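Enquirer: Input upload31.cif, format and content: mmCIF, C-alpha atoms.
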data_coords
#
loop_
_atom_site.group_PDB
_atom_site.id
_atom_site.type_symbol
_atom_site.label_atom_id
_atom_site.label_comp_id
_atom_site.auth_asym_id
_atom_site.auth_seq_id
_atom_site.Cartn_x
_atom_site.Cartn_y
_atom_site.Cartn_z
ATOM 1 C CA MET A 19 79.047 151.666 100.782
ATOM 2 C CA PRO A 20 79.050 147.968 99.793
ATOM 3 C CA ALA A 21 76.986 145.562 101.846
ATOM 4 C CA THR A 22 78.977 143.566 104.383
ATOM 5 C CA THR A 23 77.862 140.291 105.872
ATOM 6 C CA PHE A 24 79.085 138.937 109.162
ATOM 7 C CA SER A 25 77.967 135.731 110.788
ATOM 8 C CA ILE A 26 77.196 136.216 114.468
ATOM 9 C CA SER A 27 76.857 133.210 116.706
ATOM 10 C CA GLU A 28 77.250 132.348 120.369
ATOM 11 C CA ARG A 29 80.874 131.467 119.598
ATOM 12 C CA THR A 30 81.719 134.825 117.975
ATOM 13 C CA ALA A 31 84.645 136.317 119.827
ATOM 14 C CA GLY A 32 83.901 139.685 121.416
ATOM 15 C CA LYS A 33 86.969 141.288 119.815
ATOM 16 C CA LYS A 34 86.021 139.998 116.355
ATOM 17 C CA LEU A 35 82.490 141.316 116.743
ATOM 18 C CA CYS A 36 83.684 144.719 117.955
ATOM 19 C CA ASP A 37 86.127 144.981 115.047
ATOM 20 C CA ALA A 38 83.285 144.275 112.619
ATOM 21 C CA LEU A 39 81.075 146.859 114.354
ATOM 22 C CA ARG A 40 83.839 149.474 114.133
ATOM 23 C CA LYS A 41 84.108 148.899 110.382
ATOM 24 C CA PHE A 42 80.333 149.074 110.088
ATOM 25 C CA GLY A 43 80.242 152.277 112.162
ATOM 26 C CA HIS A 44 82.714 154.135 109.930
ATOM 27 C CA GLY A 45 80.942 157.253 108.660
ATOM 28 C CA ARG A 46 77.975 156.768 110.993
ATOM 29 C CA PRO A 47 76.787 159.379 113.538
ATOM 30 C CA PRO A 48 79.037 159.812 116.608
ATOM 31 C CA PRO A 49 76.495 158.361 119.102
ATOM 32 C CA PHE A 50 76.455 155.122 117.115
ATOM 33 C CA VAL A 51 80.244 154.908 117.136
ATOM 34 C CA SER A 52 80.349 155.778 120.864
ATOM 35 C CA ARG A 53 77.996 152.889 121.593
ATOM 36 C CA ILE A 54 80.238 150.527 119.618
ATOM 37 C CA ILE A 55 83.237 151.654 121.671
ATOM 38 C CA ALA A 56 81.282 151.125 124.904
ATOM 39 C CA LEU A 57 80.263 147.627 123.763
ATOM 40 C CA GLU A 58 83.886 146.861 122.998
ATOM 41 C CA ARG A 59 84.758 147.294 126.676
ATOM 42 C CA GLU A 60 82.027 144.945 127.939
ATOM 43 C CA PRO A 61 83.644 141.569 127.107
ATOM 44 C CA ALA A 62 86.842 142.467 128.981
ATOM 45 C CA SER A 63 84.806 143.706 131.935
ATOM 46 C CA LEU A 64 82.727 140.529 131.978
ATOM 47 C CA ASP A 65 85.837 138.339 131.725
ATOM 48 C CA ALA A 66 87.340 140.151 134.722
ATOM 49 C CA GLU A 67 84.122 139.709 136.723
ATOM 50 C CA ILE A 68 83.960 135.985 135.870
ATOM 51 C CA ALA A 69 87.581 135.518 136.957
ATOM 52 C CA ARG A 70 86.876 137.384 140.218
ATOM 53 C CA GLN A 71 83.825 135.234 140.955
ATOM 54 C CA GLU A 72 85.740 132.026 140.139
ATOM 55 C CA ARG A 73 88.480 132.986 142.620
ATOM 56 C CA ARG A 74 85.832 133.739 145.255
ATOM 57 C CA MET A 75 84.068 130.432 144.623
ATOM 58 C CA ASN A 76 87.357 128.515 144.775
ATOM 59 C CA ALA A 77 88.213 130.159 148.089
ATOM 60 C CA LEU A 78 84.816 129.146 149.505
ATOM 61 C CA VAL A 79 85.282 125.530 148.367
ATOM 62 C CA HIS A 80 88.816 125.451 149.807
ATOM 63 C CA ALA A 81 87.471 126.708 153.128
ATOM 64 C CA LEU A 82 84.491 124.325 153.051
ATOM 65 C CA TYR A 83 86.797 121.320 152.730
ATOM 66 C CA SER A 84 89.509 122.822 154.986
ATOM 67 C CA LEU A 85 92.146 122.294 152.296
ATOM 68 C CA SER A 86 95.783 122.946 153.091
ATOM 69 C CA LEU A 87 97.950 124.999 150.728
ATOM 70 C CA GLU A 88 99.498 121.775 149.449
ATOM 71 C CA GLU A 89 96.063 120.291 148.733
ATOM 72 C CA ILE A 90 94.945 123.473 146.991
ATOM 73 C CA GLU A 91 98.026 123.372 144.751
ATOM 74 C CA THR A 92 97.309 119.723 143.891
ATOM 75 C CA VAL A 93 93.693 120.497 143.039
ATOM 76 C CA GLU A 94 94.593 123.527 140.909
ATOM 77 C CA LYS A 95 97.214 121.585 138.937
ATOM 78 C CA GLY A 96 94.509 119.139 137.912
#
What would the structure in this file look like if it were written as structure tokens?
Expert:
Amino acid sequence: MPATTFSISERTAGKKLCDALRKFGHGRPPPFVSRIIALEREPASLDAEIARQERRMNALVHALYSLSLEEIETVEKG
């Protein structure tokens, strides 16, 4: 198998990294491949959790400042 290089940085997209790991895992033992598949699910799970927490935080700020629906819409439009 030829050597493959892949630059990993903080900005590496989760999908891109998982795709590279899948290619790397081809022909490897099943537990290794299973771990790659599990890691592939983590970015989507984390994105969903971040979105949930952002909605919760926004709701708390809206309540703190007693914003009306119209004011909330204005704020969210930027």
Enquirer: Could you check how far CA of Arg70 (chain A) sits from CA of Leu35 (chain A), in Å to one decimal?
Expert: 24.2 Å
Enquirer: Separation of CA of Ser52 (chain A) and CA of Lys34 (chain A), in Å?
Expert: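 Between CA of Ser52 (chain A) and CA of Lys34 (chain A) the gap is 17.4 Å.
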Enquirer: Please report, as JSON, the centre and edge lengths in Å to one decimal of an axis-aligned box covering all listed atoms of region 43-50 of chain A with 3 Å per side.
Expert:
{"center_x": 79.6, "center_y": 156.0, "center_z": 113.9, "size_x": 12.3, "size_y": 13.5, "size_z": 16.4}
Enquirer: Could you work out how far CA of Glu88 (chain A) lies from CA of Asp65 (chain A), giving the answer in Å with one decimal?
Expert: 27.8 Å
Enquirer: Hey, can you pull every residue with an atom no more than 9 Å from (83.0, 151.5, 120.1), using all atoms listed in the file, and send it as a VMD selection string?
Expert: chain A and resid 36 to 37 39 to 40 43 50 to 59
Enquirer: Looking at A:Glu60, A:Glu94, A:Glu89, A:Phe42, which one is nearest to Asn76 (chain A), with distances taken over all atoms listed in the file?
Expert: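 Counting all atoms listed in the file, the residue closest to Asn76 (chain A) is A:Glu94.
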